[in-house]
Amino acid sequence: MLWASDLGFDIGTSKTTVYARGQGVAYSDESVIALSSRGGNTVAIGHNASGLARAEGAEAVVVRPIVAGTIADFAAASELLRQTMIRALGRRWLVGPTVVSAVPPGATSVERYTLQQALIKAGARRAFLVDASLAAALGAGFGVNQPAARMIVDIGAGSTNIGIVSGGAVLLSRSLRFGGQDLDEAIRRLVRRKFGLATTRESAEQIKIRVGSVARDLQKEPVSLDGVEVYGELFKNVSVPLDDVPDLLSRHVSLVASEIRWLLEDVSREHREDLMATGIALSGGTSRLRGIAGLMTEKLGIAASVVPNPAESVISGIGVVLQNPGRLRIDGGQFYASDQ
Ligand SMILES: Nc1ncnc2c1ncn2[C@@H]1O[C@H](COP(=O)(O)OP(=O)(O)OP(=O)(O)O)[C@@H](O)[C@H]1O
Ligand SMILES: [Mg+2]
């Protein structure tokens, strides 16, 4: 293959997804890379790499180079992106792909430059950056032909991106360092404090998904935790009542609601009226937390609902931009209706 097909990247804290132009999602796996502890060659990426973190005797350093949606380890991130590109394209290339990648709103110019350089180092010929909240909006169908203001809140694993868009342009957007991983961590602390049990991140995530309804009345049964570790001893099927979890999660989700309330203060009256009518759209993996839309609605007095396929909004929006990267405003904050 001489020319590589154009690719879109959603490089998330927990997961990287790649969209190939004219094809759709071509790759999706955890944002993890394992490097050999001697020499630093790549041993594995994705879930194979995170599996090595648990494997005994694996002589590998396991790195998660994306923290809160931003590159935290440049060398590991560019190598992960290079390996990802090879897998998404299926073979090598002579002329690298044009790449569109989402960047968190409010990223500094240093963070934007770092992301662009990581993509170029990984093999991209050129790299366009789109505001992640605009990508989520485009993916949810709030495009150039929708002049009414819309709000999209994408809650991922390490970051929450809030965007208010109109006609394919960002009016206001903001990124918070908050996501599903913070909920997992809060659950681990709660279980430790109340029951003296040390849970792994994975079991905390399972508790969140199973009983983690933010609406108090949804579920109050005890959950059984498998493979819980207490002072180095492994317990199977420990049953603990976790009726405090919904309240705990509700308190954390309130942080997002208060940030939204704050952002709304800067919106013009006309756009605020639009938003009251169109409501709040939730996307991202954490928008699948049971009861979250109801809680947002209750806290804000504006109807909130989860978009269809919430985990794919950002990558679908990137796919839209990939059709015509030249229509992207230079700062990634607007996608124009035509090439002029
Ligand atoms: N059913 C569910 N209930 C609650 N949380 C869920 C559910 N399914 C997935 N999640 C959470 O969603 C998060 C992953 O979301 P997503 O894939 O949008 O993150 P990301 O794009 O990798 O991260 P970010 O955008 O913050 O950089 C994880 O924290 C995961 O635990
Ligand atoms: Mg994301």
# chains A, B, ... in the order shown; residues from 1 in each chain; ligands from 1
$ residues_near_ligand --ligand "ligand 2" --cutoff "10 Å" --atoms "only C-alpha atoms and all ligand atoms" --output "PyMOL selection string"
chain A and resi 10-17+68-69+102-104+132-133+136+154-161+179+283-286+311-315
$ residues_around --residues "A:Asp6" --least-positions-apart "4" --cutoff "9 Å" --atoms "only C-alpha atoms" --output "CSV table (one decimal) with N, CA and C atoms, in the first residue's frame"
chain,number,residue,atom,x,y,z
A,19,TYR,N,-11.0,5.2,13.5
A,19,TYR,CA,-12.0,5.2,12.4
A,19,TYR,C,-11.2,5.3,11.1
A,20,ALA,N,-11.5,4.4,10.2
A,20,ALA,CA,-10.8,4.5,8.9
A,20,ALA,C,-11.8,5.0,7.9
A,21,ARG,N,-11.4,6.1,7.2
A,21,ARG,CA,-12.3,6.7,6.2
A,21,ARG,C,-12.9,5.8,5.2
A,22,GLY,N,-14.2,5.8,5.0
A,22,GLY,CA,-14.9,5.0,4.1
A,22,GLY,C,-15.1,3.5,4.6
A,96,GLY,N,2.2,8.3,4.8
A,96,GLY,CA,1.4,8.1,6.0
A,96,GLY,C,0.0,8.8,5.8
A,97,PRO,N,-0.9,8.4,6.7
A,97,PRO,CA,-2.3,8.9,6.6
A,97,PRO,C,-2.5,10.3,7.1
A,98,THR,N,-3.5,11.0,6.6
A,98,THR,CA,-4.0,12.2,7.2
A,98,THR,C,-4.8,11.8,8.4
A,99,VAL,N,-4.6,12.4,9.5
A,99,VAL,CA,-5.2,12.0,10.7
A,99,VAL,C,-6.1,13.1,11.3
A,100,VAL,N,-7.3,12.8,11.8
A,100,VAL,CA,-8.1,13.7,12.6
A,100,VAL,C,-8.1,13.1,14.0
A,322,LEU,N,-13.6,13.6,9.3
A,322,LEU,CA,-12.7,12.9,8.4
A,322,LEU,C,-13.1,12.9,6.9
$ select_by_dssp --residues "stretch 228-326 of chain A" --states "strand (DSSP E or B)" --output "list of chain:residue names"
A:Val228, A:Glu229, A:Val230, A:Glu233, A:Leu234, A:Phe235, A:Val238, A:Ser239, A:Val240, A:Ile280, A:Ala281, A:Leu282, A:Ser283, A:Ala304, A:Ser305, A:Val306
$ write_last_selection --atoms "all heavy atoms" --output "compact mmCIF listing (two decimals), in the first residue's frame"
# COMPACT_ATOMS: atom_id res chain seq x y z
N VAL A 228 -11.63 -10.58 46.55
CA VAL A 228 -11.27 -9.40 47.33
C VAL A 228 -10.06 -9.72 48.21
O VAL A 228 -9.97 -10.79 48.79
CB VAL A 228 -12.45 -8.98 48.24
CG1 VAL A 228 -12.06 -7.83 49.14
CG2 VAL A 228 -13.63 -8.60 47.39
N GLU A 229 -9.16 -8.76 48.29
CA GLU A 229 -7.95 -9.01 49.05
C GLU A 229 -7.97 -8.26 50.37
O GLU A 229 -8.26 -7.07 50.40
CB GLU A 229 -6.76 -8.50 48.22
CG GLU A 229 -5.58 -9.41 48.26
CD GLU A 229 -4.46 -8.82 47.44
OE1 GLU A 229 -4.54 -8.91 46.21
OE2 GLU A 229 -3.56 -8.24 48.05
N VAL A 230 -7.74 -8.94 51.46
CA VAL A 230 -7.64 -8.27 52.75
C VAL A 230 -6.29 -8.62 53.36
O VAL A 230 -6.03 -9.79 53.65
CB VAL A 230 -8.76 -8.74 53.72
CG1 VAL A 230 -8.76 -7.88 54.98
CG2 VAL A 230 -10.11 -8.68 53.05
N GLU A 233 -4.58 -11.59 52.01
CA GLU A 233 -5.30 -12.87 51.93
C GLU A 233 -6.47 -12.72 50.95
O GLU A 233 -7.17 -11.70 50.97
CB GLU A 233 -5.85 -13.22 53.32
CG GLU A 233 -5.88 -14.71 53.57
CD GLU A 233 -6.36 -14.98 54.99
OE1 GLU A 233 -5.96 -14.23 55.91
OE2 GLU A 233 -7.14 -15.92 55.15
N LEU A 234 -6.66 -13.72 50.11
CA LEU A 234 -7.69 -13.60 49.08
C LEU A 234 -9.02 -14.23 49.53
O LEU A 234 -9.05 -15.38 49.94
CB LEU A 234 -7.20 -14.28 47.80
CG LEU A 234 -7.88 -13.85 46.52
CD1 LEU A 234 -7.58 -12.38 46.23
CD2 LEU A 234 -7.40 -14.70 45.37
N PHE A 235 -10.08 -13.45 49.50
CA PHE A 235 -11.41 -13.96 49.86
C PHE A 235 -12.25 -14.12 48.61
O PHE A 235 -12.22 -13.26 47.73
CB PHE A 235 -12.11 -12.96 50.79
CG PHE A 235 -11.58 -12.98 52.19
CD1 PHE A 235 -10.33 -12.44 52.47
CD2 PHE A 235 -12.31 -13.54 53.21
CE1 PHE A 235 -9.83 -12.45 53.75
CE2 PHE A 235 -11.81 -13.56 54.51
CZ PHE A 235 -10.58 -13.02 54.78
N VAL A 238 -17.21 -12.53 48.93
CA VAL A 238 -17.55 -11.79 50.14
C VAL A 238 -18.80 -10.98 49.81
O VAL A 238 -18.89 -10.36 48.77
CB VAL A 238 -16.43 -10.81 50.53
CG1 VAL A 238 -16.70 -10.20 51.89
CG2 VAL A 238 -15.09 -11.49 50.49
N SER A 239 -19.78 -11.02 50.72
CA SER A 239 -21.00 -10.28 50.44
C SER A 239 -21.05 -9.02 51.31
O SER A 239 -20.96 -9.11 52.52
CB SER A 239 -22.20 -11.18 50.73
OG SER A 239 -23.34 -10.62 50.16
N VAL A 240 -21.15 -7.88 50.67
CA VAL A 240 -21.20 -6.63 51.46
C VAL A 240 -22.37 -5.77 51.01
O VAL A 240 -22.67 -5.69 49.82
CB VAL A 240 -19.88 -5.81 51.32
CG1 VAL A 240 -18.75 -6.45 52.06
CG2 VAL A 240 -19.52 -5.60 49.87
N ILE A 280 -30.18 18.48 27.75
CA ILE A 280 -28.76 18.14 27.84
C ILE A 280 -28.57 16.71 27.32
O ILE A 280 -29.27 15.79 27.74
CB ILE A 280 -28.27 18.23 29.29
CG1 ILE A 280 -28.39 19.68 29.79
CG2 ILE A 280 -26.84 17.74 29.43
CD1 ILE A 280 -28.13 19.84 31.26
N ALA A 281 -27.63 16.55 26.40
CA ALA A 281 -27.34 15.21 25.87
C ALA A 281 -26.11 14.67 26.58
O ALA A 281 -25.10 15.38 26.72
CB ALA A 281 -27.09 15.32 24.37
N LEU A 282 -26.21 13.45 27.08
CA LEU A 282 -25.08 12.82 27.77
C LEU A 282 -24.46 11.75 26.88
O LEU A 282 -25.19 10.97 26.25
CB LEU A 282 -25.55 12.17 29.08
CG LEU A 282 -26.25 13.08 30.10
CD1 LEU A 282 -26.76 12.24 31.28
CD2 LEU A 282 -25.30 14.15 30.61
N SER A 283 -23.13 11.71 26.84
CA SER A 283 -22.45 10.64 26.10
C SER A 283 -21.23 10.19 26.88
O SER A 283 -21.00 10.66 28.00
CB SER A 283 -22.08 11.13 24.69
OG SER A 283 -21.08 12.12 24.77
N ALA A 304 -32.30 15.99 30.90
CA ALA A 304 -31.06 15.37 30.40
C ALA A 304 -31.40 13.98 29.90
O ALA A 304 -32.22 13.28 30.49
CB ALA A 304 -30.03 15.29 31.52
N SER A 305 -30.77 13.57 28.80
CA SER A 305 -30.97 12.20 28.32
C SER A 305 -29.69 11.69 27.69
O SER A 305 -28.85 12.47 27.25
CB SER A 305 -32.12 12.14 27.32
OG SER A 305 -31.84 13.01 26.26
N VAL A 306 -29.55 10.38 27.69
CA VAL A 306 -28.35 9.76 27.13
C VAL A 306 -28.57 9.54 25.64
O VAL A 306 -29.63 9.07 25.22
CB VAL A 306 -28.07 8.41 27.85
CG1 VAL A 306 -26.82 7.75 27.29
CG2 VAL A 306 -27.93 8.63 29.35
$ select_by_dssp --residues "stretch 64-250 of chain A" --states "alpha helix (DSSP H)" --output "JSON, numbers by chain"
{"A": [74, 75, 76, 77, 78, 79, 80, 81, 82, 83, 84, 85, 86, 87, 88, 89, 109, 110, 111, 112, 113, 114, 115, 116, 117, 118, 119, 120, 121, 122, 132, 133, 134, 135, 136, 137, 138, 139, 180, 181, 182, 183, 184, 185, 186, 187, 188, 189, 190, 191, 192, 193, 194, 195, 201, 202, 203, 204, 205, 206, 207, 208, 209, 210, 211, 245, 246, 247, 248, 249, 250]}
$ residues_around --residues "A:Leu89" --least-positions-apart "4" --cutoff "8 Å" --atoms "only C-alpha atoms" --output "list in words"
Ala4, Ser5, Ala20, Ala26 and Met85 of chain A
$ residues_around --residues "A:Leu81" --least-positions-apart "6" --cutoff "9 Å" --atoms "only C-alpha atoms" --output "list in words"
Ile11, Thr16, Ala118, Leu119, Lys121, Ala122 and Gly123 of chain A
$ atom_distance --atom1 "atom CA of A:Val18" --atom2 "atom CA of A:Arg126"
15.8 Å
$ atom_distance --atom1 "atom CA of A:Arg87" --atom2 "atom CA of A:Tyr27"
7.2 Å
$ closest_residue --among "A:Pro65, A:Gly326, A:Gly51, A:Gly319" --to "ligand 1" --atoms "only C-alpha atoms and all ligand atoms"
A:Pro65
$ closest_residue --among "A:Asp29, A:Asp274, A:Glu298, A:Asp266" --to "ligand 1" --atoms "only C-alpha atoms and all ligand atoms"
A:Asp29
$ closest_residue --among "A:Gly180, A:Gly24, A:Pro105, A:Gly196" --to "ligand 1" --atoms "only C-alpha atoms and all ligand atoms"
A:Gly180
$ residues_around --residues "A:Tyr336" --least-positions-apart "5" --cutoff "10 Å" --atoms "only C-alpha atoms" --output "list in words"
Gly143, Val144, Gly167, Gly168, Ala169, Val321, Asn324, Pro325, Gly326, Arg327, Leu328 and Arg329 of chain A
$ residues_around --residues "stretch 200-212 of chain A" --least-positions-apart "6" --cutoff "7 Å" --atoms "only C-alpha atoms" --output "list in words"
Asp184, Ile187, Arg188, Gln219, Val245, Pro246, Leu289 and Arg290 of chain A
$ write_last_selection --atoms "N, CA and C atoms" --output "JSON list (two decimals), in the first residue's frame"
[["chain", "number", "residue", "atom", "x", "y", "z"],
["A", 184, "ASP", "N", -14.64, 4.80, 40.52],
["A", 184, "ASP", "CA", -14.06, 3.52, 40.96],
["A", 184, "ASP", "C", -13.22, 3.73, 42.21],
["A", 187, "ILE", "N", -15.27, 4.31, 45.29],
["A", 187, "ILE", "CA", -15.85, 3.05, 45.79],
["A", 187, "ILE", "C", -14.79, 2.25, 46.55],
["A", 188, "ARG", "N", -13.58, 2.22, 46.03],
["A", 188, "ARG", "CA", -12.50, 1.49, 46.73],
["A", 188, "ARG", "C", -12.29, 2.05, 48.12],
["A", 219, "GLN", "N", -31.47, 0.18, 43.66],
["A", 219, "GLN", "CA", -31.03, -1.14, 44.10],
["A", 219, "GLN", "C", -30.34, -1.10, 45.45],
["A", 245, "VAL", "N", -23.31, 3.34, 48.18],
["A", 245, "VAL", "CA", -22.68, 3.64, 46.90],
["A", 245, "VAL", "C", -23.48, 4.65, 46.07],
["A", 246, "PRO", "N", -24.81, 4.49, 45.93],
["A", 246, "PRO", "CA", -25.54, 5.48, 45.13],
["A", 246, "PRO", "C", -25.34, 6.92, 45.62],
["A", 289, "LEU", "N", -23.95, 4.99, 33.41],
["A", 289, "LEU", "CA", -24.23, 4.80, 34.85],
["A", 289, "LEU", "C", -25.73, 4.93, 35.07],
["A", 290, "ARG", "N", -26.29, 3.92, 35.72],
["A", 290, "ARG", "CA", -27.76, 3.90, 35.86],
["A", 290, "ARG", "C", -28.26, 5.08, 36.67]]
$ closest_residue --among "A:Val191, A:Ala76, A:Ile302, A:Ile318" --to "A:Ala140" --atoms "only C-alpha atoms"
A:Ile318
